[in-house]
Amino acid sequence: MKKLQYLILAPTAACMLFYCQTNKTTTAQNDAASQESAVKQEPVTYDLASAPVVSPEASLGLMQVADGFEVKLVAAEPLVSTPVAMTFDYKGRMWVVEMEGYMPDTVGTGEDIPTGKVVILEDTDKDGVADDRKVFLDSLVLPRAICLIDGGILVAEPPSLWYYEISNDKPGKKTLVDAEYAVGGNVEHQPNGLVRALDNWIYNAKSSKRYRKVGEEWVIEPTHFRGQWGIAQDNYGRLYYNTNSENLLGDYFSPGFGATNKHQRGVAGFNEKIVANNRVYPIRPTPGVNRGYMEGILDDSLRLVNFTAASGPVVYRGGLFGEEYASNVFVAEPSANLIKRNILDEKGYITGGEQAYTEKEFVASVDERFRPVSLYNAPDGALYVVDMYRGIIQHKTYLTPYLKKQIGSRKLTQPLGYGRIYKIVPENKKPEMVILPEDPGQLVKLLGHENGWVRDNAQQMLIDRNFTQAIPALRQAAKATDKPLLAMHALWTLEGLGALQTEEVLALLQQPVWPVRMQALTALPSVLNQSNYRQYVPVLEQLVASNDTLAAPYVAFMANYIHPYDKAASSSLLQKVVKQYPANKYVADAVISNLYDREEAFQKAMTAIAPDTSLTFNKRLQRVITQTSSAKANRSPEALLKAFPKGAAMFASACQTCHGADGNGVKSLAPPLNQSEWVTGDKNKLISIVLFGLTGPVSVNGHLYKAPEINGDMPGIGYDKDLSNENVAQLLSYIRKSWRNNAETVTAEEVKRVRDYLKDRQKAFTVEELNQFP
């Protein structure tokens with residue numbers, strides 16, 4: 001790692017002055033020559049007490065980067081302001097989302113003013129640094145995600161998702177894709193991402209919807225709920241994401257499967273902990289985190305111990321870093337001013353991982369305003385970093401008095417209007433920007449390129465331009481299974497063009513190379529129909545009979561698509577899978593995902609085949625049946641909505657994503673509210689928790705919930721002075737009457753009484769404190 005040298009001039013952290021020797025960096029943006037060579041800057045003096053704004057060049061000098069790498073500036077203010085997300089077009093230009101209205105001060109003054117933009121940044125002189133800015137869209141309120149597709153662009157501006165046609169870099173016809181893309185909630189808890197995946201669907205973080213453009217129509221389908229901020233795919237189209245306190249979550253299987261049984265609360269193989277180690281290693285004290293007052297949040301040096309704002313993960317697929325980095329996922333942590341590197345380890349279809357380093361990070365900075373929020377692969381193979389570069393990153397809804405004091409003491413509110421984009425490259429390597437050609441034949445060849453961005457976008461360009469003349473070359477490429485990446489992208493390009501044929505899928509289903517076989521199984525629903533399903537059933541049965549363990553969950557998922565054409569064949573296939581793999585939880589949950597409203601009937605049919613109730617499949621099926629039966633006793637949601645309209649709206653926006661629409665909790669996030677003694681018990685305790693938060697562990701119905709099973713902390717909403725007592729009372733009444741709860745309602749007067757009693761409260765409650773509550 002690069003060594004950061006510093007001189008302590010006073011004994012207290014607040015008075016430290018860091019005297020930093022710069023890494024290799026670039027100089028002024030217009031100096032093309034300096035971009036090509038290592039430049040030594042003057043030593044940088046940094047006042048930790050006030051966290052001053054420094055120039056992009058000075059901020060580079062305050063960074064540590066892993067040995068063998070350097071960080072280069074790509075764009076900075078005034079060319080870009082408050083960037084939060086970006087994408088590249090086929091010309092290598094950056095399309096950047098600017099969220100200028102986010103938290104101008106600690107109370108969010110003017111957050112609803114339409115100051116957000118989508119801008120196009122271009123490097124016209126090809127020196128590696130952007131020098132031209134075009135405003136594509138302005139007057140947006142807190143825009144958060146974009147996706148280029150089919151000659152237009154998706155733009156997420158809560159609560160809606162819009163599609164704009166693009167004409168000469170200007171917006172054309174505007175189409176509403178989803179009026180409820182992000183309903184309610186605050187900026188930290190709304191959908192985002194819009195990653196266009198290998199399977200030609202668009203996926204999001206903090207969402208259970210996926211999108212696809214078919215002709216002029218937009219199709220919206222349910223999928224698994226995933227993550228919080230940022231989402232990425234690997235070479236096989238599997239998705240990775242995280243929550244603010246978790247390093248890395250992800251899916252073992254292709255993303256389009258398994259979200260079909262509404263009675264099933266979770267499906268094994270989705271929302272799995274990929275890297276469970278949440279430790280971070282800042283190189284500066286970080287007292288300015290929301291819960292810095294709590295024991296265990298900061299270490300003895302006032303540095304953050306674990307993730308509190310994990311975001312923007314990316315599976316590195318650029319090819320520029322070398323083979324050692326081919327299975328790496330990088331995660332941003334803006335509250336600790338760092339970027340973490342994780343190394344994946346795949347065994348069968350189960351993916352795990354570990355941090356690459358101990359007590360150091362891939363990139364870390366002394367500059368407190370260095371706020372990496374999103375990371376991206378790029379046309380030149382580099383790793384791009386979107387730096388929001390500002391003092392406040394915590395939304396007002398959860399801003400504790402402690403953090404407000406930290407913001408004030410170190411003058412973090414102003415100035416605004418800054419932002420940087422960097423790229424990380426290996427030393428002594430010159431990345432070359434790949435500009436996609438208009439020639440279909442050349443695009444087909446690029447489907448096998450070492451850079452995943454190039455492969456993805458060659459596929460997308462062939463589909464977007466409707467280059468049907470490339471179909472013969474694509475059919476040949478799909479047969480090149482000795483080059484799996486080329487074959488997989490050719491397969492999905494044919495699927496996107498509506499040209500994938502039965503015989504091609506059948507041939508690939510019998511390939512010995514698992515990733516190719518996996519993609520054929522994933523693509524099968526796109527070509528399955530009444531006239532050809534009989535050709536596929538024997539092949540799927542053979543995969544089971546041959547003990548193809550890797551294919552088994554996929555075969556189970558596939559039965560759901562055969563069911564509309566042949567219920568008996570679908571059921572028979574499921575029974576064969578269960579008989580072959582009765583102790584495999586992934587196969588069990590894949591089978592159960594087929595059985596919406598048919599769970600008990602299937603259980604009866606399986607009695608003769610697998611009667612042992614201790615088998616994994618039988619236990620998991622019985623659990624779903626029991627949960628479904630219990631849910632039937634839930635109270636009418638329509639009546640509750642009528643009785644507590646504000647409470648229902650607040651629950652949907654602030655609580656549902658962590659506790660679940662059914663109140664039974666969400667894996668990795670939060671415990672259940674349904675039949676929880678904390679919800680139906682002492683009103684004062686419940687009011688206190690909702691107002692000021694709760695720090696785990698916490699026991700609910702005899703089960704102890706603690707990190708990493710759930711987030712360690714529940715944020716309070718009482719710090720928001722604009723939140724009325726009446727609204728809080730409605731929220732609490734709603735959850736105390738929802739599902740199978742039937743507790744007394746809460747009044748605004750009761751909320752006021754507790755709020756007044758706790759008016760000086762500065763931190764979240766622990767269970768021990770609540771149990772002493774008068």
# chains A, B, ... in the order shown; residues from 1 in each chain; ligands from 1

$ residues_around --residues "segment 573-576 of chain A" --least-positions-apart "3" --cutoff "9 Å" --atoms "only C-alpha atoms" --output "list in words"
Val537, Leu540, Glu541, Val544, Ala545, Val555, Ala556, Ala559, Ala568, Ala569, Ser570, Lys579, Gln580, Tyr581, Val591, Asn594, Phe602, Ala605, Met606 and Ile609 of chain A

$ write_last_selection --atoms "all heavy atoms" --output "short mmCIF file (atom, residue, chain, number, x, y, z; two decimals), in the first residue's frame"
data_model
loop_
_atom_site.label_atom_id
_atom_site.label_comp_id
_atom_site.auth_asym_id
_atom_site.auth_seq_id
_atom_site.Cartn_x
_atom_site.Cartn_y
_atom_site.Cartn_z
N VAL A 537 -38.87 -31.19 -22.15
CA VAL A 537 -39.11 -31.96 -20.93
C VAL A 537 -38.17 -33.16 -20.80
O VAL A 537 -37.56 -33.36 -19.73
CB VAL A 537 -40.59 -32.40 -20.85
CG1 VAL A 537 -40.79 -33.40 -19.70
CG2 VAL A 537 -41.50 -31.19 -20.66
N LEU A 540 -34.70 -31.98 -19.74
CA LEU A 540 -34.66 -31.57 -18.33
C LEU A 540 -34.68 -32.79 -17.42
O LEU A 540 -33.96 -32.84 -16.41
CB LEU A 540 -35.85 -30.66 -18.03
CG LEU A 540 -35.86 -29.31 -18.77
CD1 LEU A 540 -37.17 -28.58 -18.51
CD2 LEU A 540 -34.68 -28.44 -18.35
N GLU A 541 -35.48 -33.77 -17.77
CA GLU A 541 -35.52 -35.00 -16.98
C GLU A 541 -34.16 -35.70 -16.99
O GLU A 541 -33.73 -36.26 -15.99
CB GLU A 541 -36.61 -35.92 -17.50
CG GLU A 541 -38.02 -35.42 -17.24
CD GLU A 541 -39.08 -36.30 -17.87
OE1 GLU A 541 -38.77 -37.01 -18.85
OE2 GLU A 541 -40.22 -36.29 -17.37
N VAL A 544 -31.74 -34.25 -14.55
CA VAL A 544 -31.99 -34.74 -13.18
C VAL A 544 -31.45 -36.15 -13.03
O VAL A 544 -30.74 -36.46 -12.06
CB VAL A 544 -33.49 -34.68 -12.85
CG1 VAL A 544 -33.74 -35.26 -11.45
CG2 VAL A 544 -34.01 -33.26 -12.95
N ALA A 545 -31.77 -37.01 -13.98
CA ALA A 545 -31.37 -38.42 -13.89
C ALA A 545 -29.85 -38.58 -13.91
O ALA A 545 -29.31 -39.51 -13.30
CB ALA A 545 -31.99 -39.20 -15.04
N VAL A 555 -33.61 -26.67 -13.14
CA VAL A 555 -34.66 -27.56 -13.64
C VAL A 555 -35.93 -27.36 -12.82
O VAL A 555 -37.04 -27.30 -13.37
CB VAL A 555 -34.21 -29.03 -13.58
CG1 VAL A 555 -35.36 -29.96 -13.94
CG2 VAL A 555 -33.03 -29.26 -14.52
N ALA A 556 -35.77 -27.23 -11.50
CA ALA A 556 -36.94 -27.00 -10.65
C ALA A 556 -37.61 -25.67 -10.97
O ALA A 556 -38.84 -25.57 -11.06
CB ALA A 556 -36.51 -27.04 -9.18
N ALA A 559 -39.82 -25.84 -14.17
CA ALA A 559 -41.12 -26.51 -14.13
C ALA A 559 -42.26 -25.50 -14.09
O ALA A 559 -43.37 -25.78 -14.60
CB ALA A 559 -41.19 -27.44 -12.92
N ALA A 568 -49.35 -31.95 -15.66
CA ALA A 568 -48.85 -33.26 -15.23
C ALA A 568 -47.34 -33.37 -15.45
O ALA A 568 -46.61 -33.89 -14.59
CB ALA A 568 -49.57 -34.36 -16.00
N ALA A 569 -46.86 -32.89 -16.58
CA ALA A 569 -45.43 -32.96 -16.87
C ALA A 569 -44.64 -32.09 -15.89
O ALA A 569 -43.55 -32.47 -15.44
CB ALA A 569 -45.16 -32.51 -18.30
N SER A 570 -45.19 -30.92 -15.59
CA SER A 570 -44.54 -30.02 -14.63
C SER A 570 -44.45 -30.67 -13.26
O SER A 570 -43.38 -30.66 -12.62
CB SER A 570 -45.31 -28.71 -14.55
OG SER A 570 -44.80 -27.89 -13.52
N LYS A 579 -37.19 -36.17 -5.37
CA LYS A 579 -36.75 -37.54 -5.08
C LYS A 579 -35.23 -37.65 -5.19
O LYS A 579 -34.58 -38.35 -4.40
CB LYS A 579 -37.43 -38.51 -6.04
CG LYS A 579 -37.12 -39.98 -5.73
CD LYS A 579 -37.89 -40.90 -6.66
CE LYS A 579 -37.59 -42.37 -6.33
NZ LYS A 579 -38.35 -43.29 -7.23
N GLN A 580 -34.65 -36.92 -6.17
CA GLN A 580 -33.21 -36.99 -6.37
C GLN A 580 -32.44 -36.16 -5.36
O GLN A 580 -31.33 -36.52 -4.97
CB GLN A 580 -32.88 -36.50 -7.79
CG GLN A 580 -31.44 -36.68 -8.21
CD GLN A 580 -31.15 -38.09 -8.68
OE1 GLN A 580 -32.00 -38.97 -8.61
NE2 GLN A 580 -29.93 -38.33 -9.13
N TYR A 581 -33.03 -35.04 -4.90
CA TYR A 581 -32.32 -34.11 -4.01
C TYR A 581 -33.17 -33.72 -2.80
O TYR A 581 -33.45 -32.55 -2.56
CB TYR A 581 -31.94 -32.84 -4.77
CG TYR A 581 -31.08 -33.07 -5.99
CD1 TYR A 581 -31.66 -33.17 -7.26
CD2 TYR A 581 -29.70 -33.19 -5.88
CE1 TYR A 581 -30.87 -33.39 -8.38
CE2 TYR A 581 -28.90 -33.40 -7.00
CZ TYR A 581 -29.50 -33.51 -8.25
OH TYR A 581 -28.72 -33.73 -9.35
N VAL A 591 -38.25 -25.70 -5.99
CA VAL A 591 -39.50 -26.44 -6.22
C VAL A 591 -40.67 -25.69 -5.62
O VAL A 591 -41.72 -25.50 -6.27
CB VAL A 591 -39.40 -27.85 -5.60
CG1 VAL A 591 -40.77 -28.54 -5.61
CG2 VAL A 591 -38.38 -28.70 -6.37
N ASN A 594 -42.58 -22.89 -7.34
CA ASN A 594 -43.57 -23.25 -8.36
C ASN A 594 -44.99 -23.35 -7.82
O ASN A 594 -45.95 -23.39 -8.59
CB ASN A 594 -43.23 -24.61 -8.96
CG ASN A 594 -42.02 -24.63 -9.85
OD1 ASN A 594 -42.15 -24.65 -11.06
ND2 ASN A 594 -40.84 -24.64 -9.26
N PHE A 602 -49.47 -30.49 -3.42
CA PHE A 602 -48.19 -31.10 -3.77
C PHE A 602 -47.64 -31.91 -2.59
O PHE A 602 -47.04 -32.98 -2.78
CB PHE A 602 -47.18 -30.03 -4.19
CG PHE A 602 -45.92 -30.60 -4.81
CD1 PHE A 602 -45.89 -30.98 -6.13
CD2 PHE A 602 -44.76 -30.74 -4.05
CE1 PHE A 602 -44.74 -31.51 -6.71
CE2 PHE A 602 -43.60 -31.27 -4.61
CZ PHE A 602 -43.60 -31.65 -5.95
N ALA A 605 -49.21 -35.22 -2.66
CA ALA A 605 -48.70 -36.05 -3.75
C ALA A 605 -47.31 -36.59 -3.44
O ALA A 605 -46.93 -37.67 -3.92
CB ALA A 605 -48.65 -35.23 -5.04
N MET A 606 -46.56 -35.88 -2.61
CA MET A 606 -45.19 -36.29 -2.30
C MET A 606 -45.12 -37.29 -1.15
O MET A 606 -44.05 -37.85 -0.88
CB MET A 606 -44.36 -35.06 -1.93
CG MET A 606 -44.03 -34.14 -3.10
SD MET A 606 -43.09 -34.99 -4.39
CE MET A 606 -41.64 -35.50 -3.48
N ILE A 609 -43.66 -40.56 -2.10
CA ILE A 609 -42.30 -40.49 -2.64
C ILE A 609 -41.28 -40.16 -1.55
O ILE A 609 -40.20 -40.75 -1.48
CB ILE A 609 -42.23 -39.45 -3.78
CG1 ILE A 609 -43.19 -39.84 -4.90
CG2 ILE A 609 -40.81 -39.29 -4.29
CD1 ILE A 609 -43.31 -38.80 -5.99
#

$ residues_around --residues "Lys411 of chain A" --least-positions-apart "3" --cutoff "10 Å" --atoms "only C-alpha atoms" --output "ChimeraX atom specification"
/A:49-52,391-392,405-408,414-415

$ write_last_selection --atoms "N, CA, C and O atoms" --output "JSON list (two decimals), in the first residue's frame"
[["chain", "number", "residue", "atom", "x", "y", "z"],
["A", 49, "ALA", "N", -9.81, 19.21, 11.79],
["A", 49, "ALA", "CA", -10.81, 19.82, 12.66],
["A", 49, "ALA", "C", -11.98, 20.40, 11.87],
["A", 49, "ALA", "O", -13.13, 20.35, 12.31],
["A", 50, "SER", "N", -11.71, 20.95, 10.68],
["A", 50, "SER", "CA", -12.79, 21.60, 9.92],
["A", 50, "SER", "C", -13.09, 20.92, 8.59],
["A", 50, "SER", "O", -14.02, 21.32, 7.91],
["A", 51, "ALA", "N", -12.32, 19.90, 8.22],
["A", 51, "ALA", "CA", -12.56, 19.17, 6.97],
["A", 51, "ALA", "C", -12.76, 20.12, 5.79],
["A", 51, "ALA", "O", -13.82, 20.15, 5.17],
["A", 52, "PRO", "N", -11.75, 20.91, 5.45],
["A", 52, "PRO", "CA", -11.93, 21.92, 4.41],
["A", 52, "PRO", "C", -12.07, 21.32, 3.02],
["A", 52, "PRO", "O", -11.62, 20.20, 2.76],
["A", 391, "GLY", "N", -20.03, 17.47, 2.44],
["A", 391, "GLY", "CA", -19.93, 17.20, 3.86],
["A", 391, "GLY", "C", -21.03, 16.30, 4.39],
["A", 391, "GLY", "O", -20.77, 15.33, 5.08],
["A", 392, "ILE", "N", -22.29, 16.61, 4.06],
["A", 392, "ILE", "CA", -23.43, 15.87, 4.60],
["A", 392, "ILE", "C", -23.85, 14.78, 3.62],
["A", 392, "ILE", "O", -24.16, 15.07, 2.46],
["A", 405, "LYS", "N", -24.27, 17.93, 15.48],
["A", 405, "LYS", "CA", -23.22, 18.64, 16.20],
["A", 405, "LYS", "C", -21.88, 18.46, 15.50],
["A", 405, "LYS", "O", -21.09, 19.41, 15.38],
["A", 406, "GLN", "N", -21.60, 17.25, 15.03],
["A", 406, "GLN", "CA", -20.36, 17.01, 14.31],
["A", 406, "GLN", "C", -20.30, 17.85, 13.03],
["A", 406, "GLN", "O", -19.27, 18.43, 12.70],
["A", 407, "ILE", "N", -21.42, 17.91, 12.32],
["A", 407, "ILE", "CA", -21.48, 18.69, 11.08],
["A", 407, "ILE", "C", -21.20, 20.16, 11.37],
["A", 407, "ILE", "O", -20.45, 20.83, 10.65],
["A", 408, "GLY", "N", -21.80, 20.67, 12.45],
["A", 408, "GLY", "CA", -21.60, 22.07, 12.81],
["A", 408, "GLY", "C", -20.19, 22.36, 13.26],
["A", 408, "GLY", "O", -19.59, 23.38, 12.86],
["A", 414, "GLN", "N", -21.46, 23.64, 4.24],
["A", 414, "GLN", "CA", -21.06, 24.39, 3.04],
["A", 414, "GLN", "C", -19.58, 24.10, 2.75],
["A", 414, "GLN", "O", -18.84, 23.69, 3.64],
["A", 415, "PRO", "N", -19.15, 24.36, 1.52],
["A", 415, "PRO", "CA", -19.91, 24.78, 0.34],
["A", 415, "PRO", "C", -20.53, 23.59, -0.39],
["A", 415, "PRO", "O", -20.16, 22.45, -0.14]]

$ closest_residue --among "A:Glu600, A:Glu750, A:Glu324, A:Glu427" --to "Glu70 of chain A" --atoms "only C-alpha atoms"
A:Glu427

$ closest_atom_pairs --of "segment 95-137 of chain A" --to "segment 716-725 of chain A" --cutoff "12 Å" --atoms "only C-alpha atoms" --output "Markdown table"
| residue | atom | partner | partner_atom | distance |
| --- | --- | --- | --- | --- |
| A:Thr106 | CA | A:Asp720 | CA | 10.2 |
| A:Val107 | CA | A:Asp720 | CA | 8.0 |
| A:Gly108 | CA | A:Asp720 | CA | 10.2 |
| A:Thr109 | CA | A:Asp722 | CA | 11.7 |

$ select_by_dssp --residues "segment 94-169 of chain A" --states "strand (DSSP E or B)" --output "PyMOL selection string"
chain A and resi 94-98+116-122+132-140+145-149+152-157+160-167

$ write_last_selection --atoms "N, CA, C and O atoms" --output "compact mmCIF listing (two decimals), in the first residue's frame"
# COMPACT_ATOMS: atom_id res chain seq x y z
N MET A 94 -19.66 9.95 -20.79
CA MET A 94 -20.29 9.71 -19.50
C MET A 94 -21.60 10.48 -19.40
O MET A 94 -21.65 11.69 -19.65
N TRP A 95 -22.66 9.76 -19.04
CA TRP A 95 -23.94 10.38 -18.70
C TRP A 95 -24.05 10.33 -17.18
O TRP A 95 -24.00 9.24 -16.58
N VAL A 96 -24.18 11.48 -16.57
CA VAL A 96 -24.05 11.58 -15.12
C VAL A 96 -25.32 12.16 -14.50
O VAL A 96 -25.89 13.13 -15.01
N VAL A 97 -25.75 11.55 -13.40
CA VAL A 97 -26.89 12.05 -12.62
C VAL A 97 -26.36 12.99 -11.54
O VAL A 97 -25.51 12.59 -10.73
N GLU A 98 -26.87 14.21 -11.51
CA GLU A 98 -26.48 15.19 -10.50
C GLU A 98 -27.63 15.43 -9.53
O GLU A 98 -28.70 15.89 -9.93
N GLY A 116 -31.94 19.10 -9.88
CA GLY A 116 -31.21 17.93 -10.36
C GLY A 116 -31.08 17.93 -11.88
O GLY A 116 -31.89 18.54 -12.60
N LYS A 117 -30.06 17.23 -12.37
CA LYS A 117 -29.78 17.22 -13.80
C LYS A 117 -29.25 15.86 -14.24
O LYS A 117 -28.73 15.08 -13.44
N VAL A 118 -29.37 15.62 -15.54
CA VAL A 118 -28.63 14.56 -16.22
C VAL A 118 -27.75 15.26 -17.25
O VAL A 118 -28.27 15.98 -18.11
N VAL A 119 -26.44 15.06 -17.14
CA VAL A 119 -25.51 15.77 -18.02
C VAL A 119 -24.64 14.77 -18.79
O VAL A 119 -24.45 13.62 -18.36
N ILE A 120 -24.13 15.21 -19.92
CA ILE A 120 -23.23 14.40 -20.74
C ILE A 120 -21.84 15.02 -20.66
O ILE A 120 -21.66 16.20 -20.98
N LEU A 121 -20.87 14.25 -20.21
CA LEU A 121 -19.48 14.71 -20.13
C LEU A 121 -18.66 13.99 -21.19
O LEU A 121 -18.74 12.77 -21.33
N GLU A 122 -17.87 14.75 -21.92
CA GLU A 122 -17.10 14.18 -23.02
C GLU A 122 -15.65 14.64 -22.96
O GLU A 122 -15.35 15.77 -22.57
N ASP A 132 -15.89 18.72 -21.83
CA ASP A 132 -17.11 19.29 -22.40
C ASP A 132 -18.31 18.79 -21.62
O ASP A 132 -18.39 17.61 -21.25
N ARG A 133 -19.26 19.69 -21.37
CA ARG A 133 -20.46 19.37 -20.59
C ARG A 133 -21.68 19.82 -21.37
O ARG A 133 -21.77 20.96 -21.83
N LYS A 134 -22.65 18.90 -21.48
CA LYS A 134 -23.95 19.23 -22.04
C LYS A 134 -25.01 18.86 -21.02
O LYS A 134 -24.96 17.76 -20.45
N VAL A 135 -25.97 19.72 -20.81
CA VAL A 135 -27.10 19.39 -19.94
C VAL A 135 -28.16 18.73 -20.80
O VAL A 135 -28.74 19.36 -21.68
N PHE A 136 -28.41 17.45 -20.54
CA PHE A 136 -29.44 16.73 -21.27
C PHE A 136 -30.81 16.99 -20.66
O PHE A 136 -31.78 17.27 -21.38
N LEU A 137 -30.93 16.89 -19.34
CA LEU A 137 -32.18 17.16 -18.64
C LEU A 137 -31.87 18.02 -17.43
O LEU A 137 -30.87 17.80 -16.73
N ASP A 138 -32.73 18.96 -17.14
CA ASP A 138 -32.60 19.73 -15.90
C ASP A 138 -33.96 19.83 -15.22
O ASP A 138 -34.92 19.18 -15.62
N SER A 139 -34.02 20.59 -14.16
CA SER A 139 -35.26 20.81 -13.41
C SER A 139 -35.83 19.51 -12.87
O SER A 139 -37.05 19.28 -12.87
N LEU A 140 -34.95 18.63 -12.38
CA LEU A 140 -35.36 17.36 -11.79
C LEU A 140 -35.26 17.45 -10.27
O LEU A 140 -34.41 18.15 -9.72
N ALA A 145 -31.09 7.60 -10.84
CA ALA A 145 -30.57 6.51 -11.66
C ALA A 145 -30.94 6.73 -13.12
O ALA A 145 -31.96 7.37 -13.42
N ILE A 146 -30.11 6.19 -14.01
CA ILE A 146 -30.37 6.28 -15.44
C ILE A 146 -29.96 4.96 -16.11
O ILE A 146 -29.17 4.20 -15.57
N CYS A 147 -30.50 4.75 -17.31
CA CYS A 147 -30.12 3.58 -18.11
C CYS A 147 -30.37 3.90 -19.58
O CYS A 147 -31.50 4.22 -19.97
N LEU A 148 -29.33 3.82 -20.38
CA LEU A 148 -29.46 4.04 -21.81
C LEU A 148 -29.98 2.77 -22.47
O LEU A 148 -29.46 1.68 -22.23
N ILE A 149 -31.00 2.91 -23.32
CA ILE A 149 -31.58 1.75 -23.96
C ILE A 149 -32.40 2.16 -25.19
O ILE A 149 -33.15 3.14 -25.15
N GLY A 152 -32.85 5.70 -26.36
CA GLY A 152 -33.40 6.61 -25.35
C GLY A 152 -32.76 6.37 -24.00
O GLY A 152 -31.74 5.68 -23.89
N ILE A 153 -33.37 6.93 -22.97
CA ILE A 153 -32.80 6.82 -21.64
C ILE A 153 -33.90 6.74 -20.59
O ILE A 153 -34.88 7.49 -20.64
N LEU A 154 -33.75 5.79 -19.69
CA LEU A 154 -34.61 5.73 -18.51
C LEU A 154 -34.06 6.67 -17.46
O LEU A 154 -32.84 6.68 -17.20
N VAL A 155 -34.93 7.43 -16.83
CA VAL A 155 -34.53 8.36 -15.77
C VAL A 155 -35.44 8.16 -14.56
O VAL A 155 -36.67 8.26 -14.68
N ALA A 156 -34.84 7.83 -13.44
CA ALA A 156 -35.60 7.66 -12.20
C ALA A 156 -35.64 8.98 -11.44
O ALA A 156 -34.63 9.45 -10.94
N GLU A 157 -36.83 9.56 -11.41
CA GLU A 157 -37.07 10.78 -10.64
C GLU A 157 -38.29 10.51 -9.77
O GLU A 157 -39.43 10.60 -10.24
N SER A 160 -41.53 8.53 -10.01
CA SER A 160 -41.76 7.91 -11.31
C SER A 160 -40.49 7.46 -12.00
O SER A 160 -39.39 7.93 -11.70
N LEU A 161 -40.68 6.55 -12.95
CA LEU A 161 -39.62 6.15 -13.87
C LEU A 161 -40.07 6.57 -15.26
O LEU A 161 -41.13 6.16 -15.73
N TRP A 162 -39.24 7.39 -15.93
CA TRP A 162 -39.57 7.96 -17.23
C TRP A 162 -38.62 7.43 -18.30
O TRP A 162 -37.46 7.12 -18.02
N TYR A 163 -39.13 7.40 -19.53
CA TYR A 163 -38.29 7.07 -20.68
C TYR A 163 -38.31 8.25 -21.65
O TYR A 163 -39.39 8.71 -22.05
N TYR A 164 -37.13 8.74 -21.99
CA TYR A 164 -37.00 9.85 -22.93
C TYR A 164 -36.31 9.35 -24.20
O TYR A 164 -35.24 8.72 -24.13
N GLU A 165 -36.90 9.63 -25.34
CA GLU A 165 -36.18 9.41 -26.58
C GLU A 165 -35.06 10.45 -26.68
O GLU A 165 -35.18 11.55 -26.14
N ILE A 166 -33.97 10.09 -27.35
CA ILE A 166 -32.83 10.99 -27.48
C ILE A 166 -32.68 11.39 -28.94
O ILE A 166 -32.63 10.53 -29.83
N SER A 167 -32.60 12.68 -29.18
CA SER A 167 -32.40 13.21 -30.53
C SER A 167 -31.31 14.27 -30.49
O SER A 167 -31.50 15.34 -29.89

$ atom_distance --atom1 "atom CA of Val305 of chain A" --atom2 "atom CA of Ile231 of chain A"
23.8 Å

$ atom_distance --atom1 "atom CA of Glu246 of chain A" --atom2 "atom CA of Ile421 of chain A"
24.4 Å

$ decode --residues "segment 404-426 of chain A" --atoms "C-alpha atoms" --output "JSON list (two decimals), in the first residue's frame"
[["chain", "number", "residue", "atom", "x", "y", "z"],
["A", 404, "LYS", "CA", -25.71, 17.50, 13.59],
["A", 405, "LYS", "CA", -23.22, 18.64, 16.20],
["A", 406, "GLN", "CA", -20.36, 17.01, 14.31],
["A", 407, "ILE", "CA", -21.48, 18.69, 11.08],
["A", 408, "GLY", "CA", -21.60, 22.07, 12.81],
["A", 409, "SER", "CA", -18.30, 21.77, 14.64],
["A", 410, "ARG", "CA", -16.38, 20.85, 11.51],
["A", 411, "LYS", "CA", -18.35, 23.12, 9.16],
["A", 412, "LEU", "CA", -19.48, 20.34, 6.83],
["A", 413, "THR", "CA", -22.66, 22.01, 5.52],
["A", 414, "GLN", "CA", -21.06, 24.39, 3.04],
["A", 415, "PRO", "CA", -19.91, 24.78, 0.34],
["A", 416, "LEU", "CA", -22.08, 22.88, -2.13],
["A", 417, "GLY", "CA", -21.76, 22.35, -5.86],
["A", 418, "TYR", "CA", -18.70, 20.12, -5.85],
["A", 419, "GLY", "CA", -18.15, 16.65, -7.26],
["A", 420, "ARG", "CA", -15.48, 14.50, -8.84],
["A", 421, "ILE", "CA", -15.17, 11.42, -11.02],
["A", 422, "TYR", "CA", -11.97, 9.38, -10.86],
["A", 423, "LYS", "CA", -10.65, 6.29, -12.51],
["A", 424, "ILE", "CA", -8.33, 3.72, -10.96],
["A", 425, "VAL", "CA", -5.79, 2.11, -13.27],
["A", 426, "PRO", "CA", -2.70, -0.07, -12.92]]
